[in-house]
Amino acid sequence: MADVLEASVAQKPKDKYEQWVDNYSKIRAFTNFLFDGFYKVNVEGELPKEGPRVLVLPHQNSLDAVSLMRGIDEYLAFTYKINEQAKIIGMWAMPYIGGVKVSNSYIHFKKLFEHLDRDSLVVAFPQGVFENGKVSYVKSGIAKLVQIYEKSRKKEVVIIPAGIEYKIPKHLPKTSPLPIFKIPFPSTTAILRFASPKSLDGRDPKELTDIVMQEAAMLSKLDCVVN
């Protein structure tokens, strides 16, 4: 009887969220191995570990997500936008690791809310596109979604400004010889910085987004010229 019970427990299928986390762990092990062969990462500041959290930062290049995966030792749920370039650099994997698909007219609410219900760390790039050397374009969509979630669930979400500074050795060019991938040249050090978490506290989502992105730009050592 004990053997039957043990077999039953062993064969119990993972739920959808557990499968996302399991897939993420496998992909992270692989990307960390590749990352360590070409880059380094340093982390400054600490992340809150409890409750639903959204990490917000500028989007500079294709290494951003991999740098975060290397520097943060917990499951990350990325928001992502599909385009031709994204398909090339591996965004195909996002649905399998719980990525939340967004576009100008669509957001996977159910998946986003499930992550927040589970107290996951959600990662968002409010620019939606790569910008080198500056932050000039920001969407307040993620803060609006946080506002909707808080009203629906009666549960506070913190928004954490973050930044990545890429320190490239002086004798090397800023980008790799494969511009389609938009990644820094190997031997670059990615410095991840985290600031104190912020809350809506009745503020307009755009106001909070502007505050957070100004701080995130500073953490990334980028100019912030958002009007």
# chains A, B, ... in the order shown; residues from 1 in each chain; ligands from 1
$ select_by_dssp --residues "stretch 10-216 of chain A" --states "strand (DSSP E or B)" --output "count of residues only"
43
$ residues_around --residues "A:Asn104" --least-positions-apart "4" --cutoff "10 Å" --atoms "only C-alpha atoms" --output "list in words"
Lys81, Gly128 and Gly141 of chain A
$ write_last_selection --atoms "all heavy atoms" --output "PDB file, in the first residue's frame"
ATOM      1  N   LYS A  81       6.907  41.961 -25.234  1.00  0.00           N
ATOM      2  CA  LYS A  81       6.194  42.362 -26.446  1.00  0.00           C
ATOM      3  C   LYS A  81       6.855  41.672 -27.624  1.00  0.00           C
ATOM      4  O   LYS A  81       8.071  41.735 -27.786  1.00  0.00           O
ATOM      5  CB  LYS A  81       6.250  43.883 -26.618  1.00  0.00           C
ATOM      6  CG  LYS A  81       5.460  44.402 -27.809  1.00  0.00           C
ATOM      7  CD  LYS A  81       5.496  45.932 -27.841  1.00  0.00           C
ATOM      8  CE  LYS A  81       4.682  46.474 -29.012  1.00  0.00           C
ATOM      9  NZ  LYS A  81       4.697  47.962 -29.042  1.00  0.00           N
ATOM     10  N   GLY A 128       9.235  49.689 -23.650  1.00  0.00           N
ATOM     11  CA  GLY A 128       8.748  48.769 -24.670  1.00  0.00           C
ATOM     12  C   GLY A 128       9.712  48.570 -25.824  1.00  0.00           C
ATOM     13  O   GLY A 128       9.555  47.663 -26.628  1.00  0.00           O
ATOM     14  N   GLY A 141       1.402  51.862 -18.536  1.00  0.00           N
ATOM     15  CA  GLY A 141       0.485  50.728 -18.511  1.00  0.00           C
ATOM     16  C   GLY A 141       0.646  49.822 -17.313  1.00  0.00           C
ATOM     17  O   GLY A 141      -0.344  49.381 -16.722  1.00  0.00           O
TER      18      GLY A 141
END
$ residues_around --residues "stretch 132-137 of chain A" --least-positions-apart "4" --cutoff "7 Å" --atoms "only C-alpha atoms" --output "list in words"
Pro58, Gln60, Gln127, Ala217, Leu222, Asp223, Cys224, Val225 and Val226 of chain A
$ closest_residue --among "A:Val56, A:Ala124, A:Leu63, A:Val129" --to "A:Ile211" --atoms "only C-alpha atoms"
A:Val56
$ select_by_dssp --residues "stretch 1-218 of chain A" --states "helix (DSSP H, G or I)" --output "PyMOL selection string"
chain A and resi 2-10+16-38+64-71+84-89+91-97+109-117+141-153+179-181+205-218
$ closest_residue --among "A:Arg118, A:Lys111, A:Arg70, A:Lys49" --to "A:Ala29" --atoms "only C-alpha atoms"
A:Arg70
$ closest_residue --among "A:His59, A:Lys155, A:His108, A:His115" --to "A:Ala77" --atoms "only C-alpha atoms"
A:His115
$ closest_residue --among "A:Gly51, A:Pro197, A:Pro186, A:Gly202" --to "A:Asp117" --atoms "only C-alpha atoms"
A:Gly51
$ closest_residue --among "A:Lys198, A:Lys110, A:Lys40, A:Arg203" --to "A:Ile159" --atoms "only C-alpha atoms"
A:Lys198
$ residues_around --residues "A:Val66" --least-positions-apart "6" --cutoff "9 Å" --atoms "only C-alpha atoms" --output "ChimeraX atom specification"
/A:28,31-32,35
